[in-house]
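Colleague: So here's protein22.cif (mmCIF, C-alpha atoms).
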```
data_upload
loop_
_atom_site.group_PDB
_atom_site.id
_atom_site.type_symbol
_atom_site.label_atom_id
_atom_site.label_comp_id
_atom_site.auth_asym_id
_atom_site.auth_seq_id
_atom_site.Cartn_x
_atom_site.Cartn_y
_atom_site.Cartn_z
ATOM 1 C CA MET A 1 221.347 51.470 -55.960
ATOM 2 C CA ALA A 2 219.472 54.395 -54.434
ATOM 3 C CA PRO A 3 215.726 54.569 -55.081
ATOM 4 C CA PHE A 4 214.562 57.153 -57.576
ATOM 5 C CA ILE A 5 212.770 60.052 -55.923
ATOM 6 C CA ARG A 6 210.377 61.638 -58.326
ATOM 7 C CA PRO A 7 210.461 65.439 -58.286
ATOM 8 C CA GLY A 8 207.267 67.294 -57.711
ATOM 9 C CA ALA A 9 204.666 67.295 -55.001
ATOM 10 C CA ALA A 10 201.819 64.870 -54.752
ATOM 11 C CA LEU A 11 198.354 66.372 -54.858
ATOM 12 C CA ALA A 12 197.612 64.788 -51.473
ATOM 13 C CA GLU A 13 200.651 66.488 -49.910
ATOM 14 C CA ILE A 14 199.527 69.906 -51.144
ATOM 15 C CA GLU A 15 195.969 69.268 -50.000
ATOM 16 C CA THR A 16 197.171 68.295 -46.519
ATOM 17 C CA VAL A 17 199.151 71.522 -46.108
ATOM 18 C CA TYR A 18 196.193 73.504 -47.454
ATOM 19 C CA ARG A 19 193.787 71.980 -44.951
ATOM 20 C CA LEU A 20 196.147 72.271 -41.978
ATOM 21 C CA ARG A 21 197.463 75.792 -42.556
ATOM 22 C CA PHE A 22 194.813 77.608 -44.597
ATOM 23 C CA SER A 23 194.082 80.165 -41.877
ATOM 24 C CA GLU A 24 197.804 80.930 -41.458
ATOM 25 C CA PHE A 25 198.224 81.447 -45.195
ATOM 26 C CA CYS A 26 195.168 83.733 -45.172
ATOM 27 C CA ALA A 27 196.506 85.759 -42.239
ATOM 28 C CA VAL A 28 199.775 86.466 -44.026
ATOM 29 C CA ALA A 29 198.040 87.217 -47.324
ATOM 30 C CA ALA A 30 195.659 89.575 -45.475
ATOM 31 C CA GLY A 31 198.655 91.376 -44.031
ATOM 32 C CA ILE A 32 200.088 91.822 -47.497
ATOM 33 C CA LEU A 33 196.807 92.780 -49.178
ATOM 34 C CA ARG A 34 195.174 94.590 -46.238
ATOM 35 C CA ASP A 35 191.919 92.841 -47.123
ATOM 36 C CA ARG A 36 190.683 89.534 -45.752
ATOM 37 C CA GLU A 37 188.403 88.593 -48.626
ATOM 38 C CA HIS A 38 191.040 89.306 -51.257
ATOM 39 C CA ALA A 39 193.491 87.365 -49.091
ATOM 40 C CA ARG A 40 191.295 84.248 -49.165
ATOM 41 C CA ASP A 41 191.024 84.588 -52.939
ATOM 42 C CA ALA A 42 194.789 85.017 -53.249
ATOM 43 C CA VAL A 43 195.461 81.909 -51.132
ATOM 44 C CA GLN A 44 193.034 79.876 -53.188
ATOM 45 C CA ASP A 45 194.619 81.177 -56.396
ATOM 46 C CA ALA A 46 198.066 80.361 -55.014
ATOM 47 C CA PHE A 47 197.090 76.786 -54.210
ATOM 48 C CA ALA A 48 195.465 76.360 -57.612
ATOM 49 C CA LYS A 49 198.769 77.504 -59.121
ATOM 50 C CA ALA A 50 200.696 75.159 -56.820
ATOM 51 C CA VAL A 51 198.557 72.235 -57.948
ATOM 52 C CA ARG A 52 199.069 73.147 -61.610
ATOM 53 C CA ASP A 53 202.820 73.642 -61.125
ATOM 54 C CA ARG A 54 203.423 70.852 -58.577
ATOM 55 C CA ARG A 55 205.992 69.176 -60.818
ATOM 56 C CA GLU A 56 208.196 72.280 -60.436
ATOM 57 C CA TYR A 57 208.693 71.498 -56.737
ATOM 58 C CA ARG A 58 212.174 69.931 -56.700
ATOM 59 C CA ARG A 59 212.148 68.617 -53.112
ATOM 60 C CA GLU A 60 215.238 70.696 -52.290
ATOM 61 C CA GLY A 61 213.487 72.197 -49.275
ATOM 62 C CA PRO A 62 210.290 71.659 -47.319
ATOM 63 C CA LEU A 63 207.020 71.629 -49.235
ATOM 64 C CA ASP A 64 205.699 74.223 -46.758
ATOM 65 C CA ALA A 65 208.407 76.673 -47.786
ATOM 66 C CA TRP A 66 207.657 76.176 -51.477
ATOM 67 C CA LEU A 67 203.933 76.718 -50.843
ATOM 68 C CA TRP A 68 204.617 79.805 -48.704
ATOM 69 C CA ARG A 69 206.663 81.242 -51.559
ATOM 70 C CA VAL A 70 203.759 80.642 -53.961
ATOM 71 C CA VAL A 71 201.277 82.284 -51.557
ATOM 72 C CA VAL A 72 203.498 85.290 -50.809
ATOM 73 C CA ASN A 73 204.283 85.849 -54.489
ATOM 74 C CA THR A 74 200.606 85.543 -55.429
ATOM 75 C CA ALA A 75 199.597 88.058 -52.737
ATOM 76 C CA LEU A 76 202.345 90.485 -53.777
ATOM 77 C CA THR A 77 201.289 90.219 -57.422
ATOM 78 C CA GLU A 78 197.664 90.820 -56.449
ATOM 79 C CA ARG A 79 198.652 93.848 -54.344
ATOM 80 C CA ARG A 80 200.582 95.363 -57.266
ATOM 81 C CA LYS A 81 197.664 94.671 -59.603
ATOM 82 C CA ARG A 82 195.174 96.249 -57.192
ATOM 83 C CA ALA A 83 197.392 99.321 -56.731
ATOM 84 C CA THR A 84 197.467 99.768 -60.507
ATOM 85 C CA ASP A 85 193.714 99.190 -60.842
ATOM 86 C CA LEU A 86 192.805 101.546 -57.979
ATOM 87 C CA GLY A 87 195.150 104.301 -59.057
ATOM 88 C CA PRO A 88 197.403 106.495 -56.945
ATOM 89 C CA GLY A 89 196.044 107.931 -53.728
ATOM 90 C CA HIS A 90 193.145 105.503 -53.434
ATOM 91 C CA PRO A 91 192.700 104.324 -49.849
ATOM 92 C CA GLU A 92 193.201 100.618 -49.310
ATOM 93 C CA ASN A 93 190.101 98.625 -48.498
ATOM 94 C CA GLY A 94 191.133 96.898 -45.300
ATOM 95 C CA ALA A 95 189.444 95.451 -42.279
ATOM 96 C CA THR A 96 188.704 98.167 -39.729
ATOM 97 C CA HIS A 97 189.173 97.934 -35.977
ATOM 98 C CA ASP A 98 187.899 100.277 -33.313
ATOM 99 C CA GLU A 99 190.990 99.947 -31.181
ATOM 100 C CA ALA A 100 193.368 102.851 -31.785
ATOM 101 C CA GLU A 101 196.392 100.917 -30.536
ATOM 102 C CA LEU A 102 195.790 98.099 -33.010
ATOM 103 C CA ASP A 103 195.534 100.679 -35.775
ATOM 104 C CA ASP A 104 198.840 102.196 -34.647
ATOM 105 C CA VAL A 105 200.557 98.798 -34.684
ATOM 106 C CA ARG A 106 199.090 97.997 -38.092
ATOM 107 C CA ALA A 107 200.275 101.348 -39.460
ATOM 108 C CA ALA A 108 203.748 100.794 -38.016
ATOM 109 C CA ILE A 109 203.998 97.347 -39.611
ATOM 110 C CA GLN A 110 202.642 98.593 -42.940
ATOM 111 C CA SER A 111 205.241 101.358 -42.977
ATOM 112 C CA LEU A 112 208.080 98.821 -42.876
ATOM 113 C CA PRO A 113 210.042 98.101 -46.042
ATOM 114 C CA GLU A 114 208.568 95.135 -47.901
ATOM 115 C CA ARG A 115 211.183 92.551 -46.849
ATOM 116 C CA GLN A 116 210.877 93.467 -43.178
ATOM 117 C CA ARG A 117 207.083 93.379 -43.384
ATOM 118 C CA LEU A 118 207.108 89.942 -45.019
ATOM 119 C CA VAL A 119 209.540 88.593 -42.429
ATOM 120 C CA VAL A 120 207.267 89.864 -39.632
ATOM 121 C CA PHE A 121 204.183 88.279 -41.218
ATOM 122 C CA LEU A 122 205.892 84.956 -41.826
ATOM 123 C CA ARG A 123 207.399 84.856 -38.326
ATOM 124 C CA TYR A 124 204.435 85.964 -36.232
ATOM 125 C CA TRP A 125 201.364 85.171 -38.312
ATOM 126 C CA ALA A 126 202.606 82.025 -40.035
ATOM 127 C CA ASP A 127 204.829 80.972 -37.097
ATOM 128 C CA LEU A 128 207.666 79.949 -39.417
ATOM 129 C CA ASP A 129 211.207 79.595 -38.104
ATOM 130 C CA TYR A 130 214.110 81.565 -39.552
ATOM 131 C CA ALA A 131 215.215 78.745 -41.882
ATOM 132 C CA ALA A 132 211.721 78.359 -43.341
ATOM 133 C CA ILE A 133 211.379 82.118 -43.818
ATOM 134 C CA ALA A 134 214.762 82.147 -45.553
ATOM 135 C CA ASP A 135 213.519 79.400 -47.897
ATOM 136 C CA VAL A 136 210.259 81.228 -48.616
ATOM 137 C CA LEU A 137 211.932 84.538 -49.410
ATOM 138 C CA ALA A 138 215.078 83.039 -50.983
ATOM 139 C CA ILE A 139 217.382 84.892 -48.578
ATOM 140 C CA ALA A 140 219.943 83.799 -45.996
ATOM 141 C CA PRO A 141 218.795 82.981 -42.440
ATOM 142 C CA GLY A 142 221.088 85.756 -41.190
ATOM 143 C CA THR A 143 219.221 88.208 -43.398
ATOM 144 C CA VAL A 144 215.974 87.005 -41.828
ATOM 145 C CA ALA A 145 217.375 87.701 -38.355
ATOM 146 C CA ALA A 146 218.681 91.131 -39.364
ATOM 147 C CA SER A 147 215.405 92.045 -41.077
ATOM 148 C CA LEU A 148 213.359 90.976 -38.064
ATOM 149 C CA HIS A 149 215.622 92.927 -35.709
ATOM 150 C CA ALA A 150 215.359 96.038 -37.881
ATOM 151 C CA ALA A 151 211.563 95.635 -38.076
ATOM 152 C CA HIS A 152 211.284 95.397 -34.280
ATOM 153 C CA ARG A 153 213.368 98.532 -33.870
ATOM 154 C CA SER A 154 211.352 100.469 -36.478
ATOM 155 C CA VAL A 155 207.966 99.454 -35.055
ATOM 156 C CA ARG A 156 209.080 100.229 -31.498
ATOM 157 C CA ASN A 157 210.395 103.667 -32.545
ATOM 158 C CA ARG A 158 207.266 104.496 -34.517
ATOM 159 C CA LEU A 159 204.977 103.491 -31.647
ATOM 160 C CA GLN A 160 207.024 105.576 -29.220
ATOM 161 C CA GLU A 161 206.653 108.569 -31.556
ATOM 162 C CA VAL A 162 202.895 108.054 -31.790
ATOM 163 C CA HIS A 163 202.366 107.687 -28.044
ATOM 164 C CA THR A 164 204.602 110.524 -26.816
#
```
What does the file become when written as structure tokens?
Modeller:
Amino acid sequence: MAPFIRPGAALAEIETVYRLRFSEFCAVAAGILRDREHARDAVQDAFAKAVRDRREYRREGPLDAWLWRVVVNTALTERRKRATDLGPGHPENGATHDEAELDDVRAAIQSLPERQRLVVFLRYWADLDYAAIADVLAIAPGTVAASLHAAHRSVRNRLQEVHT
């Protein structure tokens, strides 16, 4: 007789991921929200939600992927809420950098379609592999690869336009 595996995540498991990867979660949320302080708040809100809803984790994939999905969804919801609250045409409150090239790269990434932008953030800021990104975004690994390839091409083309 196989042992019964209780669905859900233990509080200690969630806390461990939070402590180990907090800065990575914040980096991705900051990319989505374009604001570091709001990103920290969104990550904390996401983990509070994950703790409340930990019994919904079915152990069908890695806990990291489930937590990434909660963080990404929380940040996206916050971005939509802020866009509504700020009204159309209001400039985003983001961290500023003096380096023009960094601003160009940021603008190129922000101009990507949402899926491509999320794939870039999860791959390069969160350092997730294609399978984990697929789990987080509920898409096929091949779609992750195609989205990342398209994002690279778009960013490269945009930067060439800016610098020529």
Colleague: Considering all atoms listed in the file, can you say which of A:Tyr130, A:Arg82, A:Asp53, A:Arg115 comes closest to Leu33 (chain A)?
Modeller: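 Of the candidates, the smallest distance to Leu33 (chain A) is held by A:Arg82.
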Colleague: Rounded to one decimal, what separation in Å do you get between CA of Cys26 (chain A) and CA of Asp129 (chain A)?
Modeller: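 Here the two named atoms are 18.0 Å from each other.
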Colleague: Please provide as a ChimeraX atom specification all residues within 6 Å of region 139-155 of chain A, with the sequence filter that same-chain residues fewer than 3 positions apart are discarded (counting all atoms listed in the file).
Modeller: /A:108,116,130-131,134,158
Colleague: Given the file shown, determine the residues that the PyMOL selection byres ((chain A and resi 34-41) around 9) selects; report them as a list in words.
Modeller: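 Written out, the selection comes to Phe22, Ser23, Phe25, Cys26, Ala27, Val28, Ala29, Ala30, Gly31, Ile32, Leu33, Ala42, Val43, Gln44, Asp45, Ala46, Ala75, Glu78, Arg79, Glu92, Asn93, Gly94 and Ala95 of chain A.
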Colleague: For CA of Leu67 (chain A) and CA of Val119 (chain A), determine how far apart the two atoms are, in Å to one decimal place.
Modeller: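 CA of Leu67 (chain A) sits 15.6 Å away from CA of Val119 (chain A).
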Colleague: Given the PyMOL selection byres ((chain A and resi 7) around 12) and the file above, list the residues it selects as a ChimeraX atom specification.
Modeller: /A:4-6,8-10,53-61,63
Colleague: Distance CA of Val162 (chain A)-CA of Asp103 (chain A), one decimal place?
Modeller: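 CA of Val162 (chain A) sits 11.2 Å away from CA of Asp103 (chain A).
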Colleague: Quick one: 5 Å padding each side, axis-aligned, all listed atoms of region 44-51 of chain A - centre and edge lengths in Å to one decimal, as lines of an AutoDock Vina configuration file?
Modeller:
```
center_x = 196.9
center_y = 76.7
center_z = -56.2
size_x = 17.7
size_y = 18.9
size_z = 15.9
```
Colleague: Nearest to Arg69 (chain A): which of A:Leu159, A:Leu112, A:Leu137, A:Ile14 is it, counting only C-alpha atoms?
Modeller: A:Leu137
